[in-house]
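Take a look at the structure set out below.
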Amino acid sequence: MHILKYMAGLLTASGAIAAGTEARESAVRELDASTMHSWVDRQHLALVQFYAPWCLYCQALKPAYEKAAATLEADNVPLAKVDCTKNAALCDQVGIQGFPTMKVVLDGRFGIYNGSRQESGIVSYMRKHKGPPVKEVRAAEHSSFVKSDHVVVVGYFKNTLVMELGMLREVAKELIEDFTFGVVVDKSTAKKQKIAMPGIGVYTDYDGQMSVFSGKYTIDNIRRFVRSRSVPVLGELSARTFSTYSKASLPLGLVFYNSDESREALEKELLETAKEFRDKVSLALVDARTYWKHAVGLDLKTQWPAFAIQDIGQHTKYPMSQDKKLSAAGVRQFVADYVAGRVPPHYKSQAIPETNSGDVFKLVAKQFNEVVFDASKDVLVLLHATWCIHCKRLMPVYQELGRLFANHSGIVVAQMEATMNDVPSNDPALEISGYPTIVLVRATNNEVVPYHGDRSLGSFTEFLRAHAAHPVNSHTNEVHKISANGPGYVVVPRQVSGFTPKDTRHVEL
């Protein structure tokens, strides 16, 4: 009997120890509606993941997130998570649109997390935000510091009070998520690096080389120098290197080749052009055998070699004419003309319709700005795709809406096939993330107001009544119920994957 009690006691104790061990296994704090706000208010720097247990991307992130949390405990940077299937109202309050979403907490306030989902990326990102934007580097740690990131920027100054360091700090605050910044005040270290004080060196892991800043000290010049030196001269653009080029935030000069021999020849011919315009355009080689669809997206024909400039930030493209054989001289002149502002952006467009007398105005890219940004009109624009089933279901309602406002002098109901026509605007509110996309461009100030209502005629007219600059009351007497069977929406695939919209239907196994 005593033995049984003894064994039972051992089992109970071991179970408690096991439970305690299990509880301590995770360094990630689980938050809910009753704890999140008070916890966030107390944090100087933290990271919170909003997730759904059924989301495959959340499941893939879990191991890296757990390891990062354990690593960052020593830095006193806590990581937490919120299950949005149990705290739906809380996640809506924070503005969660899909899973997983990670948000940085800075002094009790949420901010955007722009780091990666790997353990090392999470740890690096959070550590960068923990310390000063520019770290003071001692002579003994210099060699390891310049190898601590893909791109490391080091300022060499006589002391920490000089004006040039102040400029570098401003650039570091802006670019700290992408690059690592340090400062050296030791003259012997600067001498070993062959840098005269004041000086700035950019160290990169793609070639193991250092580039030295030689321009006039201004914030803009330093920023441009750091970004341009973060990518190689005439390197290879691929799925693996795309993120690096994107972080450089410079227009891309894309040289498409379709054979190893062609690549070798183009690299030799265009190297000097790449060096000459490095601060303004990042020239890169692209294998058309793999990425020919990207060339087509830039409105190039599948004839190689070919060249185009793409400004990702401005959503603009500049394909070089393929009427003549590509030459080094031709590419150089094209880039020079682009830098000088002599090359207009190219927009794919259907022909302007010969007649446009329907109730819904048929837009094409060639006349988009003329019609949509007419300050005397409120213009409701439907951006759709012919293959989109939700767009097809919407069309009867949208046609009826056009008929209802056909005689209104101040309101235009318009539509554009967005896979055959580019939107000639870099306004973020006009960026297409899926179909259908519906926006109102208001009269007088051209403010773009996204439409998020249901697909009924009544909802559209109420939206126009609330947001249009011109009155719509006299045109709503005929409104009756026409349904498009719910707010269907087709998401356009992005460069970055691994995100599940929160309204995605799922099956629990």
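To be explicit about the labels: the chains of the structure tokens are called A, B, and onward in the order shown, and within each one the residues are counted from 1, while ligands get numbers from 1 in the order they are shown.
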
query: Within 10 Å of Leu298 in chain A, counting only C-alpha atoms, which residues qualify if same-chain residues fewer than 6 places away don't, as a list in words?
result: Leu254, Trp292, Phe307, Ala308, Ile309, Gln310, Thr316, Lys317, Tyr318, Pro319, Met320, His346, Tyr347 and Lys348 of chain A

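Backbone DSSP over range 226-285 of chain A gives alpha helix (DSSP H) for Val226, Arg227, Ser228, Arg229, Phe242, Ser243, Thr244, Tyr245, Ser246, Lys247, Ala248, Asp260, Glu261, Ser262, Arg263, Glu264, Ala265, Leu266, Glu267, Lys268, Glu269, Leu270, Leu271, Glu272, Thr273, Ala274, Lys275 and Glu276 of chain A.
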
Would you mind exporting the chosen residues as a compact mmCIF listing (two decimals), in the first residue's frame, restricted to N, CA and C atoms?
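What landed in part15.txt:
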```
# COMPACT_ATOMS: atom_id res chain seq x y z
N VAL A 226 23.73 54.68 -50.47
CA VAL A 226 23.53 53.43 -49.75
C VAL A 226 22.65 52.47 -50.55
N ARG A 227 21.56 52.99 -51.07
CA ARG A 227 20.64 52.13 -51.83
C ARG A 227 21.31 51.58 -53.10
N SER A 228 22.01 52.43 -53.82
CA SER A 228 22.60 52.00 -55.08
C SER A 228 23.71 50.98 -54.86
N ARG A 229 24.42 51.09 -53.73
CA ARG A 229 25.52 50.15 -53.48
C ARG A 229 25.05 48.86 -52.81
N PHE A 242 15.18 39.16 -55.96
CA PHE A 242 14.21 40.23 -56.19
C PHE A 242 14.05 41.13 -54.97
N SER A 243 13.98 40.52 -53.78
CA SER A 243 13.80 41.30 -52.56
C SER A 243 14.95 42.29 -52.36
N THR A 244 16.18 41.86 -52.66
CA THR A 244 17.34 42.73 -52.51
C THR A 244 17.23 43.94 -53.41
N TYR A 245 16.85 43.71 -54.66
CA TYR A 245 16.71 44.82 -55.60
C TYR A 245 15.55 45.73 -55.20
N SER A 246 14.48 45.15 -54.67
CA SER A 246 13.33 45.96 -54.25
C SER A 246 13.72 46.91 -53.13
N LYS A 247 14.54 46.41 -52.19
CA LYS A 247 14.96 47.24 -51.06
C LYS A 247 15.83 48.41 -51.50
N ALA A 248 16.51 48.25 -52.63
CA ALA A 248 17.35 49.34 -53.12
C ALA A 248 16.51 50.55 -53.54
N ASP A 260 23.23 31.38 -72.50
CA ASP A 260 24.42 31.69 -71.70
C ASP A 260 25.39 32.55 -72.49
N GLU A 261 25.48 32.30 -73.78
CA GLU A 261 26.38 33.09 -74.64
C GLU A 261 25.90 34.55 -74.71
N SER A 262 24.59 34.71 -74.84
CA SER A 262 24.03 36.07 -74.90
C SER A 262 24.26 36.80 -73.58
N ARG A 263 24.10 36.09 -72.48
CA ARG A 263 24.30 36.72 -71.17
C ARG A 263 25.74 37.22 -71.02
N GLU A 264 26.69 36.39 -71.40
CA GLU A 264 28.10 36.75 -71.28
C GLU A 264 28.44 37.97 -72.12
N ALA A 265 27.90 38.01 -73.34
CA ALA A 265 28.17 39.14 -74.23
C ALA A 265 27.54 40.43 -73.70
N LEU A 266 26.28 40.33 -73.24
CA LEU A 266 25.58 41.51 -72.73
C LEU A 266 26.25 42.06 -71.47
N GLU A 267 26.73 41.17 -70.63
CA GLU A 267 27.39 41.61 -69.40
C GLU A 267 28.63 42.44 -69.72
N LYS A 268 29.40 42.03 -70.72
CA LYS A 268 30.59 42.77 -71.11
C LYS A 268 30.22 44.10 -71.76
N GLU A 269 29.22 44.07 -72.63
CA GLU A 269 28.85 45.26 -73.39
C GLU A 269 28.19 46.36 -72.54
N LEU A 270 27.45 45.94 -71.51
CA LEU A 270 26.66 46.90 -70.75
C LEU A 270 27.23 47.25 -69.39
N LEU A 271 28.38 46.69 -69.05
CA LEU A 271 28.97 46.93 -67.73
C LEU A 271 29.25 48.41 -67.49
N GLU A 272 29.82 49.08 -68.48
CA GLU A 272 30.16 50.49 -68.30
C GLU A 272 28.90 51.35 -68.15
N THR A 273 27.86 51.03 -68.89
CA THR A 273 26.59 51.75 -68.74
C THR A 273 26.02 51.54 -67.35
N ALA A 274 26.09 50.31 -66.85
CA ALA A 274 25.60 50.01 -65.49
C ALA A 274 26.36 50.82 -64.45
N LYS A 275 27.66 50.93 -64.62
CA LYS A 275 28.47 51.72 -63.68
C LYS A 275 28.14 53.20 -63.76
N GLU A 276 27.97 53.70 -64.98
CA GLU A 276 27.74 55.12 -65.19
C GLU A 276 26.45 55.60 -64.53
```

message: Please extract the residues of range 167-351 of chain A with a backbone DSSP assignment of strand (DSSP E) and present them as a ChimeraX atom specification.
response: /A:180-184,199-204,210-212,235-236,252-257,282-287,306-311,316-319

Include N, CA and C atoms and write out the residues we just selected as a compact mmCIF listing (two decimals), in the first residue's frame.
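As written to disk, part00.txt reads:
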```txt
# COMPACT_ATOMS: atom_id res chain seq x y z
N THR A 180 22.22 47.56 -42.00
CA THR A 180 22.81 47.76 -40.68
C THR A 180 23.77 48.93 -40.74
N PHE A 181 23.69 49.81 -39.72
CA PHE A 181 24.50 51.03 -39.71
C PHE A 181 25.40 51.08 -38.48
N GLY A 182 26.63 51.57 -38.66
CA GLY A 182 27.56 51.73 -37.56
C GLY A 182 28.41 52.97 -37.74
N VAL A 183 29.11 53.36 -36.68
CA VAL A 183 30.01 54.50 -36.75
C VAL A 183 31.32 54.15 -36.05
N VAL A 184 32.42 54.57 -36.64
CA VAL A 184 33.76 54.35 -36.10
C VAL A 184 34.42 55.71 -35.87
N GLY A 199 34.09 59.96 -43.67
CA GLY A 199 33.89 59.04 -44.78
C GLY A 199 32.81 58.03 -44.46
N ILE A 200 32.25 57.43 -45.51
CA ILE A 200 31.22 56.40 -45.35
C ILE A 200 31.57 55.24 -46.28
N GLY A 201 31.54 54.04 -45.73
CA GLY A 201 31.79 52.84 -46.52
C GLY A 201 30.59 51.91 -46.48
N VAL A 202 30.26 51.30 -47.62
CA VAL A 202 29.18 50.32 -47.69
C VAL A 202 29.81 48.95 -47.98
N TYR A 203 29.58 48.01 -47.08
CA TYR A 203 30.12 46.65 -47.20
C TYR A 203 28.99 45.71 -47.60
N THR A 204 29.22 44.90 -48.63
CA THR A 204 28.19 43.99 -49.12
C THR A 204 28.72 42.56 -49.17
N MET A 210 34.00 46.86 -50.62
CA MET A 210 33.52 48.05 -49.96
C MET A 210 33.48 49.21 -50.95
N SER A 211 32.38 49.96 -50.91
CA SER A 211 32.26 51.16 -51.74
C SER A 211 32.34 52.38 -50.84
N VAL A 212 33.07 53.41 -51.29
CA VAL A 212 33.30 54.61 -50.48
C VAL A 212 32.51 55.78 -51.05
N GLY A 235 24.08 42.80 -61.81
CA GLY A 235 23.92 41.48 -61.23
C GLY A 235 22.79 40.72 -61.90
N GLU A 236 22.41 39.60 -61.28
CA GLU A 236 21.35 38.74 -61.83
C GLU A 236 20.07 38.95 -61.02
N LEU A 252 14.61 49.74 -62.03
CA LEU A 252 15.38 48.59 -62.52
C LEU A 252 15.52 48.66 -64.03
N GLY A 253 16.75 48.52 -64.51
CA GLY A 253 17.00 48.40 -65.95
C GLY A 253 17.19 46.93 -66.25
N LEU A 254 16.20 46.28 -66.83
CA LEU A 254 16.18 44.83 -66.97
C LEU A 254 16.66 44.41 -68.36
N VAL A 255 17.73 43.64 -68.37
CA VAL A 255 18.32 43.15 -69.62
C VAL A 255 17.95 41.68 -69.76
N PHE A 256 17.05 41.37 -70.68
CA PHE A 256 16.58 40.00 -70.86
C PHE A 256 17.46 39.26 -71.88
N TYR A 257 17.93 38.08 -71.51
CA TYR A 257 18.73 37.24 -72.40
C TYR A 257 18.12 35.84 -72.46
N SER A 282 19.32 50.70 -61.45
CA SER A 282 20.04 49.45 -61.21
C SER A 282 19.86 48.52 -62.40
N LEU A 283 20.91 48.39 -63.22
CA LEU A 283 20.83 47.46 -64.34
C LEU A 283 21.04 46.03 -63.85
N ALA A 284 20.24 45.10 -64.36
CA ALA A 284 20.33 43.71 -63.93
C ALA A 284 20.00 42.80 -65.10
N LEU A 285 20.63 41.63 -65.12
CA LEU A 285 20.40 40.63 -66.15
C LEU A 285 19.26 39.71 -65.73
N VAL A 286 18.39 39.35 -66.69
CA VAL A 286 17.23 38.51 -66.39
C VAL A 286 17.15 37.39 -67.43
N ASP A 287 17.03 36.17 -66.96
CA ASP A 287 16.96 35.01 -67.85
C ASP A 287 15.55 34.90 -68.43
N ALA A 306 16.32 41.83 -74.98
CA ALA A 306 15.40 42.96 -74.90
C ALA A 306 15.71 43.75 -73.63
N PHE A 307 15.22 44.99 -73.60
CA PHE A 307 15.53 45.86 -72.46
C PHE A 307 14.31 46.70 -72.09
N ALA A 308 14.11 46.86 -70.79
CA ALA A 308 13.04 47.72 -70.29
C ALA A 308 13.43 48.26 -68.92
N ILE A 309 12.92 49.43 -68.60
CA ILE A 309 13.10 50.00 -67.26
C ILE A 309 11.77 49.88 -66.53
N GLN A 310 11.85 49.45 -65.27
CA GLN A 310 10.66 49.29 -64.45
C GLN A 310 10.87 50.03 -63.13
N ASP A 311 9.94 50.92 -62.80
CA ASP A 311 9.96 51.62 -61.52
C ASP A 311 8.86 51.02 -60.66
N THR A 316 5.37 52.09 -62.84
CA THR A 316 5.52 52.51 -64.23
C THR A 316 6.53 51.61 -64.95
N LYS A 317 6.41 51.54 -66.27
CA LYS A 317 7.30 50.71 -67.08
C LYS A 317 7.67 51.47 -68.35
N TYR A 318 8.89 51.17 -68.83
CA TYR A 318 9.44 51.88 -69.98
C TYR A 318 10.12 50.87 -70.90
N PRO A 319 9.35 50.17 -71.74
CA PRO A 319 9.98 49.20 -72.64
C PRO A 319 10.73 49.89 -73.76
```

task: Find, counting only C-alpha atoms, the residue in A:Asn76, A:Thr444, A:Gln43, A:Thr302 that gets nearest to Val104 in chain A.
output: A:Gln43

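In terms of minimum interatomic distance to Gln322 in chain A, A:Leu300 ranks closest within A:Ala365, A:Ala140, A:Leu300, A:Val448, counting only C-alpha atoms.
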
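The gap separating CA of Arg127 in chain A from CA of Gln193 in chain A is 26.6 Å, in Å to one decimal.
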
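Here CA of Gly313 in chain A and CA of Val339 in chain A stand 15.7 Å from one another.
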
statement: One residue among A:Arg278, A:His142, A:His384, A:Lys377 is nearest to Lys362 in chain A when using only C-alpha atoms, and that residue is A:His384

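Residues within 9 Å of Gly402 in chain A, counting only C-alpha atoms and excluding same-chain residues fewer than 5 positions away, are Gly358, Asp359, Val360, Phe361, Val397, Val412, Val413 and Ala414 of chain A.
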
Hey, can you spit out that residue selection with all heavy atoms as a compact mmCIF listing (two decimals), in the first residue's frame?
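Once written, part.txt looks like this:
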```
# COMPACT_ATOMS: atom_id res chain seq x y z
N GLY A 358 -23.24 54.07 -74.59
CA GLY A 358 -23.95 53.23 -73.64
C GLY A 358 -24.13 53.90 -72.30
O GLY A 358 -23.54 54.96 -72.01
N ASP A 359 -24.95 53.30 -71.45
CA ASP A 359 -25.20 53.86 -70.12
C ASP A 359 -23.95 53.80 -69.24
O ASP A 359 -23.76 54.65 -68.36
CB ASP A 359 -26.34 53.11 -69.44
CG ASP A 359 -27.66 53.30 -70.17
OD1 ASP A 359 -27.83 54.34 -70.82
OD2 ASP A 359 -28.51 52.40 -70.08
N VAL A 360 -23.11 52.80 -69.47
CA VAL A 360 -21.85 52.68 -68.74
C VAL A 360 -20.72 53.04 -69.70
O VAL A 360 -20.58 52.45 -70.76
CB VAL A 360 -21.64 51.25 -68.20
CG1 VAL A 360 -20.27 51.12 -67.53
CG2 VAL A 360 -22.74 50.90 -67.21
N PHE A 361 -19.91 54.02 -69.31
CA PHE A 361 -18.83 54.50 -70.17
C PHE A 361 -17.71 53.46 -70.22
O PHE A 361 -17.22 53.01 -69.19
CB PHE A 361 -18.29 55.83 -69.64
CG PHE A 361 -17.35 56.53 -70.57
CD1 PHE A 361 -17.82 57.45 -71.49
CD2 PHE A 361 -15.99 56.27 -70.55
CE1 PHE A 361 -16.96 58.11 -72.36
CE2 PHE A 361 -15.12 56.90 -71.41
CZ PHE A 361 -15.61 57.83 -72.33
N VAL A 397 -26.19 44.40 -62.45
CA VAL A 397 -26.42 45.46 -61.47
C VAL A 397 -25.72 46.74 -61.91
O VAL A 397 -26.29 47.84 -61.83
CB VAL A 397 -25.89 45.02 -60.08
CG1 VAL A 397 -26.10 46.14 -59.06
CG2 VAL A 397 -26.59 43.76 -59.63
N VAL A 412 -20.62 60.05 -63.65
CA VAL A 412 -20.33 59.12 -64.74
C VAL A 412 -20.11 57.73 -64.14
O VAL A 412 -19.34 57.57 -63.19
CB VAL A 412 -19.07 59.55 -65.53
CG1 VAL A 412 -18.72 58.51 -66.59
CG2 VAL A 412 -19.28 60.91 -66.16
N VAL A 413 -20.80 56.75 -64.67
CA VAL A 413 -20.59 55.36 -64.28
C VAL A 413 -19.76 54.71 -65.39
O VAL A 413 -20.18 54.66 -66.54
CB VAL A 413 -21.93 54.61 -64.10
CG1 VAL A 413 -21.67 53.14 -63.74
CG2 VAL A 413 -22.76 55.28 -63.01
N ALA A 414 -18.55 54.25 -65.03
CA ALA A 414 -17.61 53.77 -66.05
C ALA A 414 -17.04 52.41 -65.65
O ALA A 414 -17.08 52.01 -64.48
CB ALA A 414 -16.46 54.78 -66.22
```

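All residues of protein, DNA or RNA that reach within 10 Å of Tyr291 in chain A, judged by only C-alpha atoms and not counting those fewer than 2 positions away in the chain, are Leu237, Ser238, Ala239, Phe256, Tyr257, Asn258, Val286, Asp287, Ala288, Arg289, Lys293, His294, Ala295 and Val296 of chain A.
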
Export, as a PDB file, in the first residue's frame, the selected residues with C-alpha atoms.
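The resulting file, again18.pdb, is shown below:
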```pdb
ATOM      1  CA  LEU A 237      17.698  39.463 -61.034  1.00  0.00           C
ATOM      2  CA  SER A 238      15.727  36.360 -60.092  1.00  0.00           C
ATOM      3  CA  ALA A 239      13.153  35.201 -57.564  1.00  0.00           C
ATOM      4  CA  PHE A 256      16.583  39.996 -70.865  1.00  0.00           C
ATOM      5  CA  TYR A 257      18.735  37.244 -72.401  1.00  0.00           C
ATOM      6  CA  ASN A 258      17.883  33.743 -73.615  1.00  0.00           C
ATOM      7  CA  VAL A 286      17.234  38.508 -66.390  1.00  0.00           C
ATOM      8  CA  ASP A 287      16.956  35.015 -67.854  1.00  0.00           C
ATOM      9  CA  ALA A 288      14.088  35.209 -70.344  1.00  0.00           C
ATOM     10  CA  ARG A 289      13.902  31.416 -70.489  1.00  0.00           C
ATOM     11  CA  LYS A 293       6.208  36.430 -68.589  1.00  0.00           C
ATOM     12  CA  HIS A 294       7.725  39.340 -66.689  1.00  0.00           C
ATOM     13  CA  ALA A 295       9.015  40.729 -69.978  1.00  0.00           C
ATOM     14  CA  VAL A 296       5.533  40.389 -71.475  1.00  0.00           C
TER      15      VAL A 296
END
```

query: Can you tell me, as a list in words, what residues are no more than 7 Å from range 70-72 of chain A when counting only C-alpha atoms, ignoring any on the same chain fewer than 4 positions away?
result: Ala27, Glu66, Asn76, Val77, Pro78 and Val123 of chain A

Same residues, N, CA and C atoms, output as a PDB file, in the first residue's frame:
```pdb
ATOM      1  N   ALA A  27       8.297  30.310 -25.330  1.00  0.00           N
ATOM      2  CA  ALA A  27       8.607  31.655 -24.843  1.00  0.00           C
ATOM      3  C   ALA A  27       7.613  32.672 -25.387  1.00  0.00           C
ATOM      4  N   GLU A  66       8.640  30.537 -32.508  1.00  0.00           N
ATOM      5  CA  GLU A  66       8.981  30.013 -31.183  1.00  0.00           C
ATOM      6  C   GLU A  66      10.485  30.145 -30.912  1.00  0.00           C
ATOM      7  N   ASN A  76      15.514  40.787 -23.781  1.00  0.00           N
ATOM      8  CA  ASN A  76      14.336  41.385 -23.140  1.00  0.00           C
ATOM      9  C   ASN A  76      13.358  41.945 -24.176  1.00  0.00           C
ATOM     10  N   VAL A  77      13.206  41.199 -25.272  1.00  0.00           N
ATOM     11  CA  VAL A  77      12.245  41.561 -26.323  1.00  0.00           C
ATOM     12  C   VAL A  77      11.209  40.441 -26.394  1.00  0.00           C
ATOM     13  N   PRO A  78      10.032  40.620 -25.794  1.00  0.00           N
ATOM     14  CA  PRO A  78       9.041  39.546 -25.752  1.00  0.00           C
ATOM     15  C   PRO A  78       8.273  39.391 -27.063  1.00  0.00           C
ATOM     16  N   VAL A 123      14.744  37.797 -35.481  1.00  0.00           N
ATOM     17  CA  VAL A 123      15.703  38.214 -34.456  1.00  0.00           C
ATOM     18  C   VAL A 123      16.459  39.463 -34.906  1.00  0.00           C
TER      19      VAL A 123
END
```

task: Please provide the set of residues having any atom within 6 Å of range 49-55 of chain A, restricted to only C-alpha atoms, with same-chain residues fewer than 4 positions apart removed, written as number ranges by chain.
output: A: 81-85, 99-102

Test item: residues at most 9 Å from range 460-472 of chain A, only C-alpha atoms, excluding those fewer than 3 positions along its chain, as an MDAnalysis selection string: chainID A and resid 377:380 398 401 405 408 410:411 440:444 449 451 453:457 475:476 479
